[in-house]
>>> print(open('target.txt').read())   # compact mmCIF, C-alpha atoms
# COMPACT_ATOMS: atom_id res chain seq x y z
CA MET A 1 -11.52 -3.58 22.94
CA ALA A 2 -14.29 -2.31 25.12
CA GLU A 3 -16.84 -4.83 23.83
CA GLN A 4 -19.41 -3.69 26.36
CA SER A 5 -19.45 -0.19 24.90
CA LEU A 6 -19.95 -1.68 21.44
CA LYS A 7 -23.36 -2.92 22.49
CA HIS A 8 -24.57 0.61 21.85
CA PRO A 9 -22.73 1.67 18.72
CA GLY A 10 -24.93 4.70 18.22
CA TYR A 11 -23.64 6.10 21.49
CA ASP A 12 -20.01 5.10 21.08
CA GLU A 13 -18.70 6.07 17.68
CA GLN A 14 -15.13 6.13 18.93
CA ALA A 15 -15.27 2.47 19.97
CA PHE A 16 -16.60 1.56 16.54
CA ASN A 17 -13.88 3.56 14.76
CA LYS A 18 -11.28 1.79 16.91
CA LEU A 19 -12.79 -1.52 15.84
CA VAL A 20 -12.42 -0.52 12.18
CA HIS A 21 -8.80 0.50 12.73
CA GLU A 22 -7.94 -2.77 14.46
CA ASN A 23 -9.56 -5.08 11.91
CA HIS A 24 -9.39 -3.34 8.56
CA GLN A 25 -6.10 -4.84 7.35
CA ARG A 26 -7.28 -8.41 7.76
CA ILE A 27 -10.64 -7.74 6.12
CA TYR A 28 -9.23 -5.62 3.29
CA GLY A 29 -6.51 -8.26 2.69
CA LEU A 30 -9.14 -10.99 2.40
CA PHE A 31 -11.17 -9.03 -0.16
CA ARG A 32 -8.11 -7.87 -2.08
CA ARG A 33 -6.99 -11.50 -2.51
CA MET A 34 -10.49 -12.42 -3.53
CA VAL A 35 -11.36 -9.67 -6.02
CA GLY A 36 -7.99 -8.26 -7.07
CA SER A 37 -8.82 -4.58 -7.49
CA HIS A 38 -8.45 -2.02 -4.73
CA ALA A 39 -11.76 -0.28 -5.56
CA GLU A 40 -13.85 -3.44 -5.20
CA ALA A 41 -11.95 -4.62 -2.12
CA ASP A 42 -12.39 -1.18 -0.53
CA ASP A 43 -16.12 -1.17 -1.29
CA LEU A 44 -16.57 -4.65 0.20
CA THR A 45 -14.55 -3.63 3.27
CA GLN A 46 -16.76 -0.57 3.81
CA GLU A 47 -19.93 -2.63 3.36
CA THR A 48 -18.65 -5.19 5.86
CA PHE A 49 -18.02 -2.57 8.54
CA ILE A 50 -21.39 -0.93 7.89
CA LYS A 51 -22.94 -4.37 8.41
CA VAL A 52 -20.87 -4.68 11.60
CA TYR A 53 -22.21 -1.32 12.79
CA GLN A 54 -25.81 -2.27 12.06
CA SER A 55 -25.48 -5.74 13.59
CA LEU A 56 -23.62 -4.76 16.77
CA PRO A 57 -26.79 -4.71 18.91
CA LYS A 58 -27.35 -8.36 17.85
CA PHE A 59 -23.79 -9.46 18.67
CA ARG A 60 -24.17 -12.06 21.42
CA GLN A 61 -20.45 -12.23 22.33
CA GLU A 62 -20.39 -16.01 21.85
CA SER A 63 -17.13 -15.56 19.92
CA SER A 64 -14.54 -12.81 19.91
CA VAL A 65 -15.59 -9.64 18.12
CA GLU A 66 -12.74 -10.19 15.61
CA THR A 67 -14.01 -13.67 14.65
CA TRP A 68 -17.53 -12.31 14.36
CA ILE A 69 -16.37 -9.51 12.02
CA TYR A 70 -14.40 -12.00 9.96
CA ARG A 71 -17.49 -14.18 9.63
CA LEU A 72 -19.55 -11.20 8.44
CA ALA A 73 -16.79 -10.38 5.92
CA ILE A 74 -16.76 -13.94 4.62
CA ASN A 75 -20.53 -13.95 4.21
CA LYS A 76 -20.23 -10.69 2.32
CA GLY A 77 -17.45 -12.23 0.20
CA LEU A 78 -19.46 -15.38 -0.52
CA ASN A 79 -22.43 -13.29 -1.60
CA TYR A 80 -20.13 -11.27 -3.85
CA LEU A 81 -18.70 -14.44 -5.45
CA ARG A 82 -22.19 -15.84 -6.01
CA ARG A 83 -23.36 -12.56 -7.52
CA MET A 84 -20.41 -12.57 -9.91
CA LYS A 85 -21.15 -16.18 -10.90
CA ILE A 86 -24.78 -15.33 -11.58
CA ARG A 87 -23.86 -12.21 -13.57
CA LYS A 88 -21.42 -14.23 -15.63
CA THR A 89 -24.03 -16.93 -16.22
CA LEU A 90 -26.52 -14.31 -17.38
CA GLY A 91 -23.91 -12.75 -19.65
CA LEU A 92 -23.82 -9.52 -17.64
CA GLU A 93 -20.05 -9.83 -17.10
CA PHE A 94 -17.38 -10.06 -19.77
CA ALA A 95 -15.98 -13.55 -20.29
CA ASP A 96 -12.49 -14.19 -18.99
CA THR A 97 -10.78 -14.02 -22.38
CA ALA A 98 -7.30 -14.90 -21.19
CA ALA A 99 -8.53 -17.98 -19.41
CA GLU A 100 -10.78 -19.04 -22.30
CA SER A 101 -8.27 -18.47 -25.09
CA GLY A 102 -6.15 -21.52 -24.35
CA GLU A 103 -2.86 -19.65 -24.56
CA SER A 104 -0.06 -22.05 -23.80
CA LYS A 105 2.67 -19.62 -22.75
CA MET A 106 1.08 -18.21 -19.65
CA ASP A 107 3.06 -17.54 -16.55
CA ARG A 108 1.42 -19.83 -14.04
CA SER A 109 2.62 -17.74 -11.12
CA ASP A 110 0.90 -14.64 -12.52
CA ARG A 111 -1.25 -13.56 -9.59
CA ASN A 112 -3.99 -12.23 -11.84
CA LEU A 113 -4.19 -15.48 -13.75
CA LEU A 114 -4.23 -17.40 -10.50
CA ARG A 115 -7.04 -15.23 -9.21
CA ARG A 116 -9.04 -15.65 -12.42
CA VAL A 117 -8.66 -19.42 -12.28
CA ILE A 118 -9.68 -19.47 -8.62
CA ALA A 119 -12.72 -17.37 -9.61
CA LYS A 120 -13.87 -20.28 -11.76
CA LEU A 121 -14.28 -22.50 -8.70
CA PRO A 122 -17.62 -22.83 -6.90
CA PRO A 123 -17.93 -20.01 -4.29
CA ARG A 124 -17.37 -22.19 -1.22
CA GLN A 125 -14.31 -23.86 -2.73
CA GLN A 126 -12.96 -20.43 -3.67
CA MET A 127 -13.43 -19.23 -0.14
CA VAL A 128 -11.76 -22.30 1.39
CA VAL A 129 -8.72 -21.91 -0.90
CA ILE A 130 -8.43 -18.19 -0.12
CA LEU A 131 -8.80 -18.72 3.60
CA ARG A 132 -6.41 -21.69 3.79
CA SER A 133 -3.75 -20.68 1.29
CA PHE A 134 -3.79 -16.88 1.33
CA GLN A 135 -5.14 -16.04 4.75
CA GLU A 136 -3.47 -19.09 6.39
CA LEU A 137 -6.44 -19.99 8.54
CA SER A 138 -6.56 -23.49 10.05
CA PHE A 139 -9.33 -25.83 8.88
CA LYS A 140 -10.86 -25.53 12.33
CA GLU A 141 -11.11 -21.75 11.89
CA ILE A 142 -12.37 -22.13 8.33
CA ALA A 143 -15.04 -24.55 9.52
CA ALA A 144 -16.12 -22.03 12.17
CA VAL A 145 -16.34 -19.02 9.86
CA LEU A 146 -17.97 -20.90 6.98
CA ASN A 147 -20.35 -22.73 9.29
CA MET A 148 -19.34 -26.21 8.13
CA THR A 149 -17.57 -29.20 9.65
CA GLU A 150 -13.80 -29.36 9.64
CA ASN A 151 -13.96 -32.44 7.44
CA ALA A 152 -16.22 -30.67 4.93
CA ALA A 153 -13.72 -27.80 4.77
CA LYS A 154 -10.90 -30.27 4.06
CA VAL A 155 -12.92 -32.04 1.35
CA ASN A 156 -13.73 -28.66 -0.24
CA PHE A 157 -10.03 -27.78 -0.21
CA SER A 158 -8.97 -31.05 -1.85
CA HIS A 159 -11.62 -30.74 -4.55
CA ALA A 160 -10.67 -27.11 -5.14
CA ILE A 161 -6.99 -27.97 -5.68
CA LYS A 162 -7.90 -30.79 -8.06
CA ASN A 163 -10.25 -28.47 -9.98
CA LEU A 164 -7.56 -25.76 -10.18
CA ARG A 165 -5.09 -28.26 -11.56
CA GLN A 166 -7.61 -29.39 -14.16
CA THR A 167 -8.40 -25.81 -15.20
CA PHE A 168 -4.71 -24.99 -15.62
CA LEU A 169 -4.24 -28.13 -17.70
CA LYS A 170 -7.13 -27.11 -19.98
CA MET A 171 -5.50 -23.70 -20.40
CA GLY A 172 -2.23 -25.36 -21.42
CA VAL A 173 -0.44 -24.51 -18.20
CA THR A 174 1.15 -27.72 -17.06
CA TYR A 175 2.32 -28.62 -13.60
CA GLU A 176 3.68 -32.00 -14.66
CA ASN A 177 7.38 -32.89 -14.43
CA MET A 178 8.20 -30.09 -12.00
CA MET B 179 -8.14 -47.65 -8.45
CA LYS B 180 -10.16 -46.76 -5.39
CA ILE B 181 -7.11 -46.29 -3.16
CA CYS B 182 -5.59 -43.85 -5.72
CA LYS B 183 -8.77 -41.78 -5.59
CA GLN B 184 -8.53 -41.62 -1.79
CA ILE B 185 -4.85 -40.71 -1.94
CA GLU B 186 -5.59 -37.95 -4.48
CA ASP B 187 -8.00 -36.44 -1.98
CA LEU B 188 -5.36 -36.57 0.74
CA ILE B 189 -2.43 -35.17 -1.28
CA PRO B 190 -3.49 -31.46 -1.11
CA LEU B 191 -3.87 -31.84 2.66
CA TYR B 192 -0.50 -33.63 2.82
CA TYR B 193 1.27 -30.60 1.36
CA SER B 194 -0.78 -28.09 3.33
CA GLY B 195 0.31 -29.92 6.51
CA ASP B 196 -3.18 -30.92 7.60
CA LEU B 197 -2.80 -34.73 7.90
CA ASN B 198 -2.07 -36.66 11.06
CA ALA B 199 0.92 -39.02 11.33
CA ASN B 200 -1.01 -42.14 10.23
CA GLU B 201 -2.49 -40.41 7.19
CA ARG B 202 0.92 -39.04 6.20
CA LYS B 203 2.40 -42.51 6.44
CA LEU B 204 -0.42 -43.91 4.30
CA VAL B 205 0.19 -41.30 1.57
CA GLU B 206 3.97 -41.77 1.61
CA ASN B 207 3.72 -45.56 1.39
CA HIS B 208 1.31 -45.31 -1.52
CA LEU B 209 3.44 -42.78 -3.41
CA ASP B 210 6.46 -45.12 -3.14
CA GLY B 211 4.68 -47.68 -5.27
CA CYS B 212 2.36 -45.63 -7.51
CA PRO B 213 3.97 -43.49 -10.25
CA THR B 214 0.60 -42.02 -11.30
CA CYS B 215 -0.13 -40.66 -7.84
CA LEU B 216 3.49 -39.51 -7.48
CA LYS B 217 3.10 -37.44 -10.66
CA PHE B 218 -0.15 -36.03 -9.33
CA SER B 219 1.44 -35.20 -5.97
CA ARG B 220 4.33 -33.27 -7.60
CA SER B 221 2.03 -31.13 -9.68
CA THR B 222 -0.17 -30.50 -6.65
CA ARG B 223 2.84 -29.43 -4.60
CA THR B 224 3.87 -26.94 -7.30
CA LEU B 225 0.36 -25.57 -7.50
CA LEU B 226 0.17 -25.16 -3.72
CA ASN B 227 3.52 -23.35 -3.76
CA ASP B 228 1.98 -20.84 -6.17
CA LEU B 229 -0.90 -20.37 -3.77
CA LYS B 230 1.34 -19.09 -1.00
CA PRO B 231 0.17 -15.77 0.44
CA VAL B 232 1.74 -12.62 -0.89
CA ASP B 233 1.82 -9.40 1.05
CA ILE B 234 -0.94 -6.99 0.14
CA PRO B 235 0.47 -3.48 0.31
CA ILE B 236 -1.87 -1.28 2.32
CA ASP B 237 -1.37 2.46 2.43
CA LYS B 238 -0.71 3.66 5.97
CA ASN B 239 -3.49 6.25 5.63
CA TYR B 240 -5.99 3.69 4.39
CA GLY B 241 -7.36 2.95 7.88
CA ALA B 242 -8.12 6.62 8.55
CA GLU B 243 -9.66 7.06 5.10
CA LEU B 244 -11.76 3.96 5.60
CA VAL B 245 -13.13 5.28 8.90
CA VAL B 246 -14.07 8.59 7.24
CA ASN B 247 -15.70 6.83 4.27
CA ILE B 248 -17.66 4.48 6.53
CA GLN B 249 -18.83 7.37 8.72
CA ASN B 250 -19.91 9.28 5.60
CA ARG B 251 -21.91 6.32 4.35
CA LEU B 252 -23.49 5.83 7.78
CA GLN B 253 -24.33 9.53 7.89
CA ARG B 254 -25.90 9.29 4.44
CA ASN B 255 -27.94 6.26 5.54
CA ARG B 256 -29.08 8.12 8.66
CA ARG B 257 -30.09 11.14 6.58
CA GLN B 258 -32.09 8.96 4.20
CA ARG B 259 -33.80 7.25 7.13
CA LYS B 260 -34.54 10.61 8.73
CA LEU B 261 -35.99 11.84 5.45
CA MET B 262 -38.23 8.81 5.38
CA TYR B 263 -39.45 9.62 8.90
CA TYR B 264 -40.69 12.97 7.55
CA LEU B 265 -41.78 11.85 4.12
CA VAL B 266 -43.98 8.95 5.22
CA PRO B 267 -46.22 11.01 7.58
CA ALA B 268 -46.31 13.92 5.12
CA PHE B 269 -47.33 11.67 2.26
CA SER B 270 -49.91 9.91 4.46
CA SER B 271 -51.36 13.30 5.47
CA ILE B 272 -51.68 14.36 1.84
CA VAL B 273 -53.43 11.12 0.92
CA LEU B 274 -55.74 11.50 3.93
CA MET B 275 -56.56 15.10 2.97
CA ILE B 276 -57.35 14.04 -0.59
CA ILE B 277 -59.68 11.30 0.66
CA VAL B 278 -61.43 13.66 3.09
CA GLY B 279 -61.66 16.35 0.39
CA LEU B 280 -63.22 13.95 -2.09
CA ASN B 281 -65.71 12.80 0.54
CA VAL B 282 -66.70 16.38 1.42
CA PHE B 283 -67.07 17.26 -2.26
CA SER B 284 -69.18 14.19 -2.87
CA HIS B 285 -71.36 14.95 0.20
CA ASN B 286 -71.81 18.58 -0.91
CA SER B 287 -72.91 17.45 -4.34
CA LEU B 288 -75.52 15.18 -2.80
CA SER B 289 -76.72 17.92 -0.45
CA ARG B 290 -76.98 20.36 -3.33
CA GLN B 291 -78.84 17.82 -5.39
CA TRP B 292 -81.19 17.19 -2.48
CA LEU B 293 -81.72 20.93 -1.92
CA ASN B 294 -82.43 21.36 -5.60
CA ASN B 295 -85.64 19.43 -4.99
CA ASN B 296 -86.97 22.82 -4.00
CA THR B 297 -90.64 22.28 -4.35
CA MET B 298 -92.39 21.51 -1.14
CA VAL B 299 -93.99 18.49 -2.67
CA GLU B 300 -90.70 16.88 -3.57
CA LEU B 301 -89.23 17.77 -0.21
CA TYR B 302 -92.24 16.36 1.56
CA SER B 303 -92.23 13.29 -0.64
CA ASP B 304 -88.55 12.74 0.08
CA LEU B 305 -89.15 12.98 3.80
CA THR B 306 -92.06 10.61 3.50
CA HIS B 307 -90.16 8.12 1.37
CA SER B 308 -87.17 8.24 3.66
CA GLY B 309 -89.46 7.37 6.58
CA PHE B 310 -88.81 10.69 8.32
CA PHE B 311 -92.36 10.84 9.62
CA SER B 312 -92.92 7.14 9.91
CA GLU B 313 -91.35 6.94 13.35
CA MET B 314 -93.57 9.71 14.67
CA SER B 315 -96.61 8.62 16.65
CA GLU B 316 -100.02 9.51 15.33
CA VAL B 317 -100.72 11.71 18.41
CA ALA B 318 -97.46 13.61 18.08
CA PHE B 319 -98.06 14.10 14.41
CA GLU B 320 -101.51 15.46 15.04
CA GLN B 321 -100.15 17.87 17.66
CA ILE B 322 -97.75 19.51 15.23
CA ASN B 323 -100.43 19.61 12.61
CA THR B 324 -102.68 22.03 14.42
CA ASN B 325 -103.76 25.53 13.31
CA GLU B 326 -101.13 26.80 10.94
CA ASN B 327 -99.92 23.31 10.38
CA ASP B 328 -103.40 22.28 9.36
CA ARG B 329 -103.37 24.87 6.65
CA ILE B 330 -99.91 23.84 5.46
CA ALA B 331 -100.92 20.21 5.53
CA SER B 332 -103.98 20.97 3.54
CA GLU B 333 -101.94 22.88 1.00
CA LEU B 334 -99.47 20.08 0.86
CA SER B 335 -102.18 17.51 0.30
CA HIS B 336 -103.44 19.63 -2.45
CA LYS B 337 -100.03 20.01 -4.02
CA ILE B 338 -99.19 16.35 -3.63
CA SER B 339 -102.33 15.22 -5.30
CA ALA B 340 -101.87 17.84 -8.03
CA GLU B 341 -98.30 16.69 -8.57
CA ILE B 342 -99.24 13.05 -8.75
CA ILE B 343 -102.07 13.65 -11.12
CA GLU B 344 -99.96 15.89 -13.31
CA THR B 345 -97.02 13.51 -13.52
CA SER B 346 -98.96 10.28 -13.91
CA GLY B 347 -101.97 10.21 -16.13
CA SER B 348 -103.30 6.96 -14.68
CA ALA B 349 -102.90 8.05 -11.00
CA PRO B 350 -101.41 4.82 -9.66
CA VAL B 351 -102.81 3.75 -6.33
CA ASP B 352 -99.44 2.79 -4.90
CA ASP B 353 -98.16 6.33 -5.33
CA TYR B 354 -101.21 7.70 -3.54
CA ILE B 355 -100.66 5.39 -0.63
CA VAL B 356 -97.01 6.37 -0.29
CA ALA B 357 -97.80 10.06 -0.63
CA THR B 358 -100.52 10.00 2.03
CA ALA B 359 -98.80 7.72 4.50
CA HIS B 360 -98.27 10.58 6.95
CA LEU B 361 -101.78 11.95 6.90
CA THR B 362 -104.34 11.48 9.60
CA ASP B 363 -107.69 9.97 8.70
CA ARG B 364 -109.29 13.38 8.56
CA GLU B 365 -106.57 14.77 6.32
CA PHE B 366 -106.76 11.70 4.19
CA GLU B 367 -110.47 12.31 3.66
CA SER B 368 -109.81 15.86 2.53
CA PHE B 369 -107.05 14.53 0.31
CA LEU B 370 -109.53 12.24 -1.34
CA LYS B 371 -111.81 15.18 -1.93
CA GLU B 372 -108.98 17.08 -3.54
CA ILE B 373 -108.39 14.22 -5.89
CA GLU B 374 -112.01 14.13 -6.76
CA ASN B 375 -111.94 17.84 -7.57
CA PHE B 376 -108.92 17.40 -9.81
CA THR B 377 -110.14 14.37 -11.63
CA LEU B 378 -113.59 15.68 -12.22
>>> encode(input="target.txt", output="structure tokens")
Amino acid sequence: MAEQSLKHPGYDEQAFNKLVHENHQRIYGLFRRMVGSHAEADDLTQETFIKVYQSLPKFRQESSVETWIYRLAINKGLNYLRRMKIRKTLGLEFADTAAESGESKMDRSDRNLLRRVIAKLPPRQQMVVILRSFQELSFKEIAAVLNMTENAAKVNFSHAIKNLRQTFLKMGVTYENM
Amino acid sequence: MKICKQIEDLIPLYYSGDLNANERKLVENHLDGCPTCLKFSRSTRTLLNDLKPVDIPIDKNYGAELVVNIQNRLQRNRRQRKLMYYLVPAFSSIVLMIIVGLNVFSHNSLSRQWLNNNTMVELYSDLTHSGFFSEMSEVAFEQINTNENDRIASELSHKISAEIIETSGSAPVDDYIVATAHLTDREFESFLKEIENFTL
């Protein structure tokens, strides 16, 4: 990637388009695992790259351009998760009926159910679980992109798994005796 | 127990492969002798197995579509910004024109009102009250008040005194003083005579 030419995105649209092509799968994959639907994941992906375009003149090249884009995507994702939490708190979003109903015969490997249960976690815990389990980032990488220590990332992960287990138990989905 | 709490925190990291050799040994030794933590570790392992990544199918044309969509949004943003570049100065100009227009209108109204004071007496009184003549030296004033000016001044004195007497029955002294502030001593004397003629 001609990073030098990206310093002036307004003058090098081709370099920017190449950047989108090279990174879109990773970014779209992250959002798709986070939000589930294609439309929302696509919208977040577009917004991330628009942010990349606008922020390119500020990019100091202290990390690789890919890591920098990933960090912007994660910030966008965290903001999205927080917004959803706030909307749910204010009653602007429908309650998760399946998760609230206490049905006992749910398929625990149902990806939608899994995503809904993960969505109940605090935003940072959600992000750590997604990055570690779905995106397979190391804790060192997670610490770098979430701007926290490696130990804090590990603690967040442990708490997230315990919280997930508790939520599944409340919903009648048991992981015991397996 | 406190050690169980610590082990519970380590178990997710044990199965995600993020513990060092010593920590792994610590967890394994504890699980050998603690059925509660062993139960917890099994359920955690199952849960983590469910959290394994699955492939997200991405259409092969998605990248190209994404580029087009992003460029369209950027273009739209640019157009909006460009519009703002035109709208802000245009709007400012309109506001400025309105302010200037209002000022001109207001000034015209005042001028018209001032010009409506069409009697010489009022005009002269206005000039006197505004101090128009007050900055003029006595000598200079006398020079412009020669010949024709003398006649005009005399007429004015006459009119001023007539006006004052007509409008105020008691002929207040203060008004006289203000009205005659511009007159020379000689003109003032004739002014006094005029008053005498009117009051008699």
>>> closest_residue(input="target.txt", among="B:Thr214, B:Ser221, B:Asn198, B:Asn239", to="chain A", atoms="all atoms listed in the file")
B:Ser221
>>> closest_atom_pairs(input="target.txt", of="chain B", to="chain A", cutoff="8 Å", atoms="all atoms listed in the file", output="Markdown table")
| residue | atom | partner | partner_atom | distance |
| --- | --- | --- | --- | --- |
| B:Asp187 | CA | A:Ser158 | CA | 5.5 |
| B:Leu188 | CA | A:Ser158 | CA | 7.1 |
| B:Ile189 | CA | A:Ser158 | CA | 7.8 |
| B:Pro190 | CA | A:Ser158 | CA | 5.5 |
| B:Leu191 | CA | A:Ser158 | CA | 6.9 |
| B:Lys217 | CA | A:Glu176 | CA | 6.8 |
| B:Phe218 | CA | A:Glu176 | CA | 7.7 |
| B:Arg220 | CA | A:Met178 | CA | 6.7 |
| B:Ser221 | CA | A:Tyr175 | CA | 4.7 |
| B:Thr222 | CA | A:Arg165 | CA | 7.3 |
| B:Thr224 | CA | A:Tyr175 | CA | 6.7 |
| B:Leu225 | CA | A:Tyr175 | CA | 7.1 |
| B:Leu226 | CA | A:Ser133 | CA | 7.8 |
| B:Asp228 | CA | A:Ser109 | CA | 5.9 |
| B:Leu229 | CA | A:Ser133 | CA | 5.8 |
| B:Lys230 | CA | A:Ser133 | CA | 5.8 |
| B:Pro231 | CA | A:Phe134 | CA | 4.2 |
| B:Val232 | CA | A:Phe134 | CA | 7.3 |
| B:Ile234 | CA | A:Gly29 | CA | 6.3 |
| B:Ile236 | CA | A:Gln25 | CA | 7.5 |
| B:Gly241 | CA | A:His21 | CA | 5.6 |
| B:Ala242 | CA | A:His21 | CA | 7.4 |
| B:Leu244 | CA | A:Gln46 | CA | 7.0 |
| B:Val245 | CA | A:Asn17 | CA | 6.2 |
| B:Asn247 | CA | A:Gln46 | CA | 7.5 |
| B:Ile248 | CA | A:Gln46 | CA | 5.8 |
| B:Leu252 | CA | A:Ile50 | CA | 7.1 |
>>> atom_distance(input="target.txt", atom1="CA of Gln249 (chain B)", atom2="CA of Phe269 (chain B)")
29.5 Å
>>> atom_distance(input="target.txt", atom1="CA of Glu206 (chain B)", atom2="CA of Gln125 (chain A)")
26.0 Å
>>> atom_distance(input="target.txt", atom1="CA of Val52 (chain A)", atom2="CA of Leu72 (chain A)")
7.4 Å
>>> residues_around(input="target.txt", residues="Val35 (chain A)", least_positions_apart="6", cutoff="9 Å", atoms="only C-alpha atoms", output="list in words")
Ala41, Leu81, Arg115 and Ala119 of chain A
>>> closest_residue(input="target.txt", among="B:Arg251, B:His208, B:Arg364, B:Lys183", to="Lys51 (chain A)", atoms="only C-alpha atoms")
B:Arg251
>>> residues_around(input="target.txt", residues="Glu367 (chain B)", least_positions_apart="5", cutoff="12 Å", atoms="all atoms listed in the file", output="PyMOL selection string")
chain B and resi 332+335-336+358+361-362+372-374
>>> closest_residue(input="target.txt", among="A:Gly77, A:Trp68, A:Ala39, A:Arg60", to="Ala144 (chain A)", atoms="all atoms listed in the file")
A:Trp68
>>> axis_aligned_box(input="target.txt", around="region 247-258 of chain B", padding_each_side="5 Å", output="JSON")
{"center_x": -23.9, "center_y": 7.8, "center_z": 6.5, "size_x": 26.4, "size_y": 16.7, "size_z": 14.5}
>>> residues_around(input="target.txt", residues="region 78-80 of chain A", least_positions_apart="3", cutoff="10 Å", atoms="only C-alpha atoms", output="MDAnalysis selection string")
chainID A and resid 31 34:35 44 72:75 83:86 122:124 126:127 146
